[in-house]
Amino acid sequence: MYQLVISVAIWSLTSVSAIAQVANPQDSLTRYKELEEIYVQAARVQQTTLSTDAVGTQELNRENTGQNLPYLLSTVPGLQVTSDDGLGVGYTYFRVRGTDHTRINMTVNEVQLNDQESQTVFWVNMSDMASSISQVDVQRGVGTSTSGSAFGASLNMQTNFVDTVSHMTIAFNGGMYNTFREMINAHASIANRWKLNARFSKVDSDGFLYRTKSDLYSYYGDIGWYGRKTQVILRAFGGAEKTGMGWEGVDYNTAYGIDGADRRYNPAGEYSVKAADGSDSTVYYPNQTDNYAQQHAQLTILHRFTPQWNISTTLHYTHGGGYYEQYKKKKYSYWGLTDPAMVSNPKDKSYGMYQKWLENHYAGFLINAKYVSEPVDFQVGVAGNNYLGHHWGTLEYLAKPTLQALPIHYEYYRNKANKIDVNTYAKANWRIIHRGQEKLSLYGDLQYRYVRYSRDGINDENMEDLPLTANYHFFNPKAGLTYQNGGHMLSASFAIANRDPSRNNYKENARYDASTGTWTNLPKAERLYDYELGYQYAHARFNIGLNLYFMDYDNQLVLTGEYNDVGAMKTVNVKDSYRMGAELTAGVRITDWMRWEGNMVVSRNKLQNYKQYIDLYDDQTNWNWVGLDSIEGDVTIAFSPTITAMSLFTFEYEGFMATVQTNVVSRQYLDNTQDVHAMLKAYTTTNVHLQYQLPMRKWFADRRGVPNVRLNCQLNNIFNEKYASNGGAEASRFLDGSRCTWYYAQAGINVHAGFQVEF
């Protein structure tokens, strides 16, 4: 089916491209200059610091062979990536400075992309989004105010393409584990100031782990009218996914391939059946899958009143829906089967096939007004969003029948949630000194945010009621100073950020007493005080920079290392904690055809006066409980490596380009016990990218209509490092000191190759 869609898209976009060629080239140039001016006016006001990285479309797509966007940002200091399938094609997650993905504010054209309940982006239903992004700004720490609120980092994506020449691109990549990516992308510049962008991508992979197959597609399209003072742009993008589950993890020996263990082993859907001879046979449920689709629509109107003043308004709507299906052994009570007429003992277990569904609607608006002049840039904005989410589960089959017939599609829980999020902000960048090479700028940013979260219904894991309403009022101020002179830049900033708990934070911690109508153990909102100090020197031949940060938390919700039923990590509030570190960046052009750049982050991440009780058992065979053990004092925060580093060599010569990128991540703990028996080993991975631009125009005397053809080859983890980048641990310990832990193995060496043709 998707091959037909691609064929129709190629025909349609080629026709549009041909029509667009009628336009006068001089008119196109004039429109481009006008458009460029409007686009620059629309850019956000923010402080110039060393903790912001801008990644353009060429760098993003240089190594794009179907992996999700976080893998293409692996040059950013302190950024770590991991995935369920081990390849980065399925469910993908990332951390910045140890901050997990639920605390990273992600936007597309200033519209918040994070799911409003889980507060994250899973990327799997947005495969190949990099092909439609013009630039990504990654801000470490508390970034500038926009829709939502950053709590440790932010990822701001733009899809603004201002090309004046119509073109079309077709790309194909194929590689190991039956990984394939097909993409068609086109831009048409049409007469009368109209522009059109469209993309369709298909990504398939078996995954590194067994039965983690990904079947993904995504699309992006926009149509815009670009007048002398006004832009009107309508965008639509989205995608769908069907992936095999890989979130259960494996033991240490399997993850690291010790004693010849098969690192691709995946226990999801595993169960035993009796053979005819009475022996047990291991089989796997064939439809242990996750299925989800999401569609986004944005309408943006930007008007420039004067060369200094402009205003933009965006309306947006997102719809998502899907389910996951599992076959697992559970207690009857897990599915709410406690009626004596149905089951004799709710604690008895049975294999069951069940589905957990969700559907959500997310809509809102953004209004931004900006003033730009020589001495000052000033921007005010307001954003309002409304989210409605429905969750329900159905039990489809039980291996051990109930006393009475189970109703068809038996619904064992249902709940819904509503979240209203309104924020307004004002920010300014005042150039106190702006003469020659010397510049001194003062930045200020004030944001007020109101959140109302309500939910009702039955919890999906313990069948408890969820009649909750929570209101939050947050004030997030930021201030900074930047001095630049002769290639030197010195910046300092201070910011406060607040974050409301997510759905899982409530679900895993809060308990409701229906008899008294009261809650206990409600998670608290988090607060962060972020201090940053940076210095950089940029020379025509080299650059070097150092950024120091201290992130002081109040009631940080930290990962415990435990997981819930769907592979999401549990959290707990800790009163006092901090992250501090030094980020060193450097780069040098060694020759005209070779350059090097790199970074290293050294950090200390601590929970202060922390106390945790863990269960103590005799051994992993009998599991006899013998008492409680405790951890007290200052401990290292889970999933927070002390050192991360990146080195990138780039070679370019007459159409040939090669990159050699090495990433280093030091050891990190799986929970907050600072226990070497619950730890991810340090790992180093090296990727090599080869690219060659065929000299097509040298081969043809008539250059009109000659396409650009680029060949590429991506070799990941060329030294075949056996590593795990994520894992978890039970809150228990055995008398011999060992722990019950699990790990997510990542792929060894894997090779992908393909081509790109641009017309």
# chains A, B, ... in the order shown; residues from 1 in each chain; ligands from 1

$ residues_around --residues "region 670-680 of chain A" --least-positions-apart "3" --cutoff "9 Å" --atoms "only C-alpha atoms" --output "JSON, numbers by chain"
{"A": [558, 559, 560, 561, 562, 607, 610, 612, 630, 631, 632, 635, 636, 637, 638, 639, 666, 667, 683, 723, 724, 725, 726, 727, 728, 729, 730, 731, 737, 738, 739, 740, 741, 742, 743]}

$ write_last_selection --atoms "N, CA and C atoms" --output "short mmCIF file (atom, residue, chain, number, x, y, z; two decimals), in the first residue's frame"
data_model
loop_
_atom_site.label_atom_id
_atom_site.label_comp_id
_atom_site.auth_asym_id
_atom_site.auth_seq_id
_atom_site.Cartn_x
_atom_site.Cartn_y
_atom_site.Cartn_z
N VAL A 558 13.01 11.32 41.58
CA VAL A 558 14.12 10.56 41.02
C VAL A 558 13.68 9.14 40.68
N LEU A 559 14.33 8.57 39.70
CA LEU A 559 14.04 7.20 39.30
C LEU A 559 14.52 6.24 40.37
N THR A 560 13.69 5.25 40.71
CA THR A 560 14.06 4.29 41.75
C THR A 560 14.76 3.07 41.19
N GLY A 561 14.67 2.86 39.86
CA GLY A 561 15.21 1.65 39.26
C GLY A 561 14.17 0.58 39.05
N GLU A 562 13.00 0.73 39.70
CA GLU A 562 11.91 -0.21 39.52
C GLU A 562 11.05 0.21 38.34
N LEU A 607 21.96 12.57 45.76
CA LEU A 607 20.82 12.71 46.65
C LEU A 607 21.39 12.94 48.05
N TYR A 610 19.73 10.88 52.01
CA TYR A 610 18.76 9.95 51.43
C TYR A 610 18.67 8.69 52.26
N GLN A 612 16.66 4.77 52.19
CA GLN A 612 15.79 3.82 51.50
C GLN A 612 15.91 2.46 52.16
N SER A 630 18.94 -1.16 54.87
CA SER A 630 18.70 0.26 54.60
C SER A 630 19.94 0.91 54.01
N ILE A 631 19.69 1.94 53.21
CA ILE A 631 20.73 2.77 52.61
C ILE A 631 20.54 4.18 53.15
N GLU A 632 21.57 4.78 53.71
CA GLU A 632 21.46 6.13 54.27
C GLU A 632 22.67 6.96 53.87
N VAL A 635 24.05 9.72 48.27
CA VAL A 635 24.27 8.66 47.28
C VAL A 635 24.16 9.24 45.87
N THR A 636 24.78 8.55 44.92
CA THR A 636 24.74 8.97 43.52
C THR A 636 23.37 8.67 42.93
N ILE A 637 22.82 9.62 42.18
CA ILE A 637 21.51 9.47 41.57
C ILE A 637 21.57 8.42 40.48
N ALA A 638 20.54 7.59 40.41
CA ALA A 638 20.48 6.53 39.41
C ALA A 638 20.57 7.11 38.00
N PHE A 639 21.21 6.36 37.11
CA PHE A 639 21.32 6.68 35.69
C PHE A 639 22.01 8.03 35.45
N SER A 666 30.57 6.58 31.18
CA SER A 666 31.12 5.85 32.33
C SER A 666 30.02 5.05 33.02
N ARG A 667 30.40 4.28 34.00
CA ARG A 667 29.43 3.42 34.68
C ARG A 667 28.35 4.26 35.34
N TYR A 683 30.79 2.05 28.80
CA TYR A 683 30.88 1.55 27.43
C TYR A 683 31.37 2.65 26.49
N TYR A 723 27.26 -4.04 25.10
CA TYR A 723 26.91 -3.10 26.16
C TYR A 723 25.40 -3.03 26.35
N ALA A 724 25.03 -2.51 27.51
CA ALA A 724 23.64 -2.20 27.83
C ALA A 724 23.58 -0.74 28.24
N SER A 725 22.60 -0.01 27.73
CA SER A 725 22.50 1.42 28.01
C SER A 725 21.35 1.77 28.93
N ASN A 726 20.62 0.75 29.40
CA ASN A 726 19.51 0.99 30.31
C ASN A 726 19.25 -0.29 31.09
N GLY A 727 18.50 -0.19 32.16
CA GLY A 727 18.21 -1.36 32.97
C GLY A 727 17.37 -1.00 34.16
N GLY A 728 17.29 -1.91 35.13
CA GLY A 728 16.49 -1.68 36.32
C GLY A 728 16.89 -2.65 37.42
N ALA A 729 16.35 -2.41 38.62
CA ALA A 729 16.69 -3.25 39.77
C ALA A 729 15.52 -3.30 40.74
N GLU A 730 15.28 -4.49 41.29
CA GLU A 730 14.29 -4.65 42.34
C GLU A 730 14.83 -4.04 43.64
N ALA A 731 13.91 -3.56 44.47
CA ALA A 731 14.30 -2.99 45.77
C ALA A 731 14.50 -4.11 46.77
N GLY A 737 24.89 -10.62 48.77
CA GLY A 737 25.14 -9.29 48.19
C GLY A 737 24.62 -9.11 46.79
N SER A 738 24.20 -10.17 46.13
CA SER A 738 23.70 -10.06 44.76
C SER A 738 22.33 -9.38 44.73
N ARG A 739 21.94 -8.93 43.55
CA ARG A 739 20.68 -8.21 43.37
C ARG A 739 19.89 -8.82 42.23
N CYS A 740 18.59 -8.57 42.22
CA CYS A 740 17.73 -8.95 41.10
C CYS A 740 17.68 -7.77 40.14
N THR A 741 18.41 -7.86 39.04
CA THR A 741 18.54 -6.74 38.09
C THR A 741 18.22 -7.21 36.68
N TRP A 742 17.97 -6.25 35.80
CA TRP A 742 17.76 -6.56 34.39
C TRP A 742 18.33 -5.44 33.54
N TYR A 743 18.62 -5.77 32.28
CA TYR A 743 19.35 -4.87 31.42
C TYR A 743 18.76 -4.89 30.01
#

$ select_by_dssp --residues "region 203-275 of chain A" --states "alpha helix (DSSP H)" --output "list in words"
Tyr252, Asn253, Thr254 and Ala255 of chain A

$ write_last_selection --atoms "C-alpha atoms" --output "short mmCIF file (atom, residue, chain, number, x, y, z; two decimals), in the first residue's frame"
data_model
loop_
_atom_site.label_atom_id
_atom_site.label_comp_id
_atom_site.auth_asym_id
_atom_site.auth_seq_id
_atom_site.Cartn_x
_atom_site.Cartn_y
_atom_site.Cartn_z
CA TYR A 252 23.42 -9.49 33.33
CA ASN A 253 25.03 -12.47 31.58
CA THR A 254 22.64 -12.30 28.65
CA ALA A 255 22.93 -8.53 28.18
#

$ select_by_dssp --residues "region 274-340 of chain A" --states "strand (DSSP E or B)" --output "PyMOL selection string"
chain A and resi 274+280-284+289-304+309-331

$ write_last_selection --atoms "C-alpha atoms" --output "compact mmCIF listing (two decimals), in the first residue's frame"
# COMPACT_ATOMS: atom_id res chain seq x y z
CA LYS A 274 3.05 -29.37 27.39
CA ASP A 280 7.63 -28.63 28.52
CA SER A 281 8.16 -26.59 25.38
CA THR A 282 8.88 -22.84 25.35
CA VAL A 283 6.78 -20.80 22.93
CA TYR A 284 6.16 -17.10 22.37
CA THR A 289 2.89 -5.72 20.27
CA ASP A 290 2.39 -2.02 20.79
CA ASN A 291 0.17 -0.16 18.30
CA TYR A 292 -0.24 3.60 18.20
CA ALA A 293 -0.97 6.40 15.73
CA GLN A 294 -0.82 10.15 16.17
CA GLN A 295 -1.75 13.11 13.95
CA HIS A 296 -0.79 16.77 14.41
CA ALA A 297 -2.16 19.91 12.78
CA GLN A 298 -0.82 23.46 13.14
CA LEU A 299 -2.03 26.74 11.64
CA THR A 300 0.40 29.66 12.01
CA ILE A 301 -0.22 33.27 11.02
CA LEU A 302 2.65 35.74 11.28
CA HIS A 303 2.34 39.44 10.50
CA ARG A 304 5.05 42.09 10.47
CA TRP A 309 7.27 44.66 15.40
CA ASN A 310 5.73 41.32 14.47
CA ILE A 311 3.12 39.03 15.94
CA SER A 312 2.47 35.33 15.37
CA THR A 313 -0.46 33.15 16.29
CA THR A 314 -0.59 29.36 16.15
CA LEU A 315 -3.56 27.08 16.60
CA HIS A 316 -2.80 23.39 17.06
CA TYR A 317 -4.57 20.07 17.51
CA THR A 318 -3.24 16.55 18.14
CA HIS A 319 -5.11 13.27 18.16
CA GLY A 320 -3.58 9.99 19.25
CA GLY A 321 -4.84 6.52 19.89
CA GLY A 322 -3.83 2.89 20.14
CA TYR A 323 -3.25 -0.08 22.37
CA TYR A 324 -0.75 -2.69 23.39
CA GLU A 325 -1.44 -6.40 23.71
CA GLN A 326 0.19 -8.84 26.12
CA TYR A 327 -0.04 -12.48 27.07
CA LYS A 328 1.20 -12.83 30.66
CA LYS A 329 0.58 -14.74 33.84
CA LYS A 330 -1.19 -12.60 36.43
CA LYS A 331 -3.35 -12.91 39.51

$ closest_residue --among "A:Asp222, A:Glu396, A:Asp592, A:Glu248" --to "Arg541 (chain A)" --atoms "only C-alpha atoms"
A:Asp592

$ atom_distance --atom1 "CA of Gly633 (chain A)" --atom2 "CA of Glu532 (chain A)"
26.8 Å

$ atom_distance --atom1 "CA of Arg595 (chain A)" --atom2 "CA of Tyr71 (chain A)"
21.8 Å

$ closest_residue --among "A:Arg431, A:His689, A:His361, A:Lys400" --to "Phe378 (chain A)" --atoms "only C-alpha atoms"
A:Arg431

$ closest_residue --among "A:Lys575, A:Asp445, A:Phe649, A:Ala510" --to "Thr591 (chain A)" --atoms "only C-alpha atoms"
A:Phe649

$ closest_residue --among "A:Val688, A:Ile408, A:Leu735, A:Ala497" --to "Ala753 (chain A)" --atoms "only C-alpha atoms"
A:Val688

$ residues_around --residues "Ser201 (chain A)" --least-positions-apart "4" --cutoff "7 Å" --atoms "only C-alpha atoms" --output "list in words"
Asp128, Glu182, Met183, Ile184, Tyr217, Ser218 and Tyr219 of chain A

$ closest_atom_pairs --of "region 204-224 of chain A" --to "region 159-170 of chain A" --cutoff "12 Å" --atoms "only C-alpha atoms" --output "tab-separated table"
residue	atom	partner	partner_atom	distance
A:Tyr220	CA	A:Thr159	CA	9.5
A:Gly221	CA	A:Thr159	CA	9.9
A:Asp222	CA	A:Thr159	CA	9.2
A:Ile223	CA	A:Phe161	CA	11.0
A:Gly224	CA	A:Asn160	CA	10.3

$ residues_around --residues "Asn471 (chain A)" --least-positions-apart "2" --cutoff "12 Å" --atoms "only C-alpha atoms" --output "list in words"
Asn418, Lys419, Ile420, Asp421, Val422, Arg449, Tyr450, Val451, Arg452, Tyr453, Ser454, Leu468, Thr469, His473, Phe474, Asp500, Pro501, Lys524 and Ala525 of chain A

$ write_last_selection --atoms "N, CA and C atoms" --output "compact mmCIF listing (two decimals), in the first residue's frame"
# COMPACT_ATOMS: atom_id res chain seq x y z
N ASN A 418 -8.01 15.00 32.45
CA ASN A 418 -8.08 16.30 31.78
C ASN A 418 -6.97 17.19 32.34
N LYS A 419 -6.24 17.83 31.44
CA LYS A 419 -5.17 18.71 31.89
C LYS A 419 -5.27 20.04 31.15
N ILE A 420 -5.34 21.10 31.91
CA ILE A 420 -5.33 22.47 31.37
C ILE A 420 -4.00 23.11 31.74
N ASP A 421 -3.32 23.63 30.76
CA ASP A 421 -1.98 24.21 30.96
C ASP A 421 -1.96 25.58 30.29
N VAL A 422 -1.80 26.63 31.08
CA VAL A 422 -1.76 28.00 30.56
C VAL A 422 -0.48 28.65 31.05
N ARG A 449 3.00 30.04 34.99
CA ARG A 449 2.36 28.85 34.43
C ARG A 449 1.33 28.31 35.40
N TYR A 450 0.12 28.04 34.88
CA TYR A 450 -0.95 27.44 35.68
C TYR A 450 -1.29 26.08 35.10
N VAL A 451 -1.38 25.07 35.96
CA VAL A 451 -1.71 23.72 35.55
C VAL A 451 -2.86 23.20 36.41
N ARG A 452 -3.87 22.65 35.75
CA ARG A 452 -4.95 21.97 36.47
C ARG A 452 -5.06 20.56 35.90
N TYR A 453 -4.83 19.57 36.75
CA TYR A 453 -4.87 18.18 36.33
C TYR A 453 -5.94 17.45 37.12
N SER A 454 -6.84 16.79 36.43
CA SER A 454 -7.90 16.02 37.09
C SER A 454 -8.03 14.67 36.41
N LEU A 468 -9.05 12.48 41.49
CA LEU A 468 -8.01 13.44 41.85
C LEU A 468 -8.15 14.74 41.06
N THR A 469 -7.98 15.87 41.76
CA THR A 469 -7.86 17.17 41.11
C THR A 469 -6.71 17.92 41.77
N HIS A 473 0.41 26.55 40.56
CA HIS A 473 0.77 27.88 40.10
C HIS A 473 2.29 27.99 40.18
N PHE A 474 2.93 28.18 39.03
CA PHE A 474 4.39 28.21 38.99
C PHE A 474 4.88 29.57 38.47
N ASP A 500 5.22 19.90 37.40
CA ASP A 500 4.13 19.17 38.01
C ASP A 500 4.34 17.67 37.81
N PRO A 501 3.83 16.82 38.72
CA PRO A 501 3.99 15.37 38.57
C PRO A 501 3.27 14.85 37.33
N LYS A 524 4.88 15.39 45.12
CA LYS A 524 4.96 16.84 45.19
C LYS A 524 5.55 17.39 43.89
N ALA A 525 5.22 18.64 43.59
CA ALA A 525 5.84 19.32 42.46
C ALA A 525 7.32 19.53 42.74

$ closest_residue --among "A:Asn105, A:Gly587, A:Asp552, A:Val572" --to "Gln536 (chain A)" --atoms "only C-alpha atoms"
A:Gly587

$ closest_residue --among "A:Val273, A:Leu234, A:Leu557, A:Val250" --to "Lys570 (chain A)" --atoms "only C-alpha atoms"
A:Leu557

$ atom_distance --atom1 "CA of Arg710 (chain A)" --atom2 "CA of Glu597 (chain A)"
24.3 Å

$ residues_around --residues "region 643-646 of chain A" --least-positions-apart "2" --cutoff "12 Å" --atoms "only C-alpha atoms" --output "PyMOL selection string"
chain A and resi 73-81+95-98+580-587+596-605+639-641+648-649+660-668+682-687
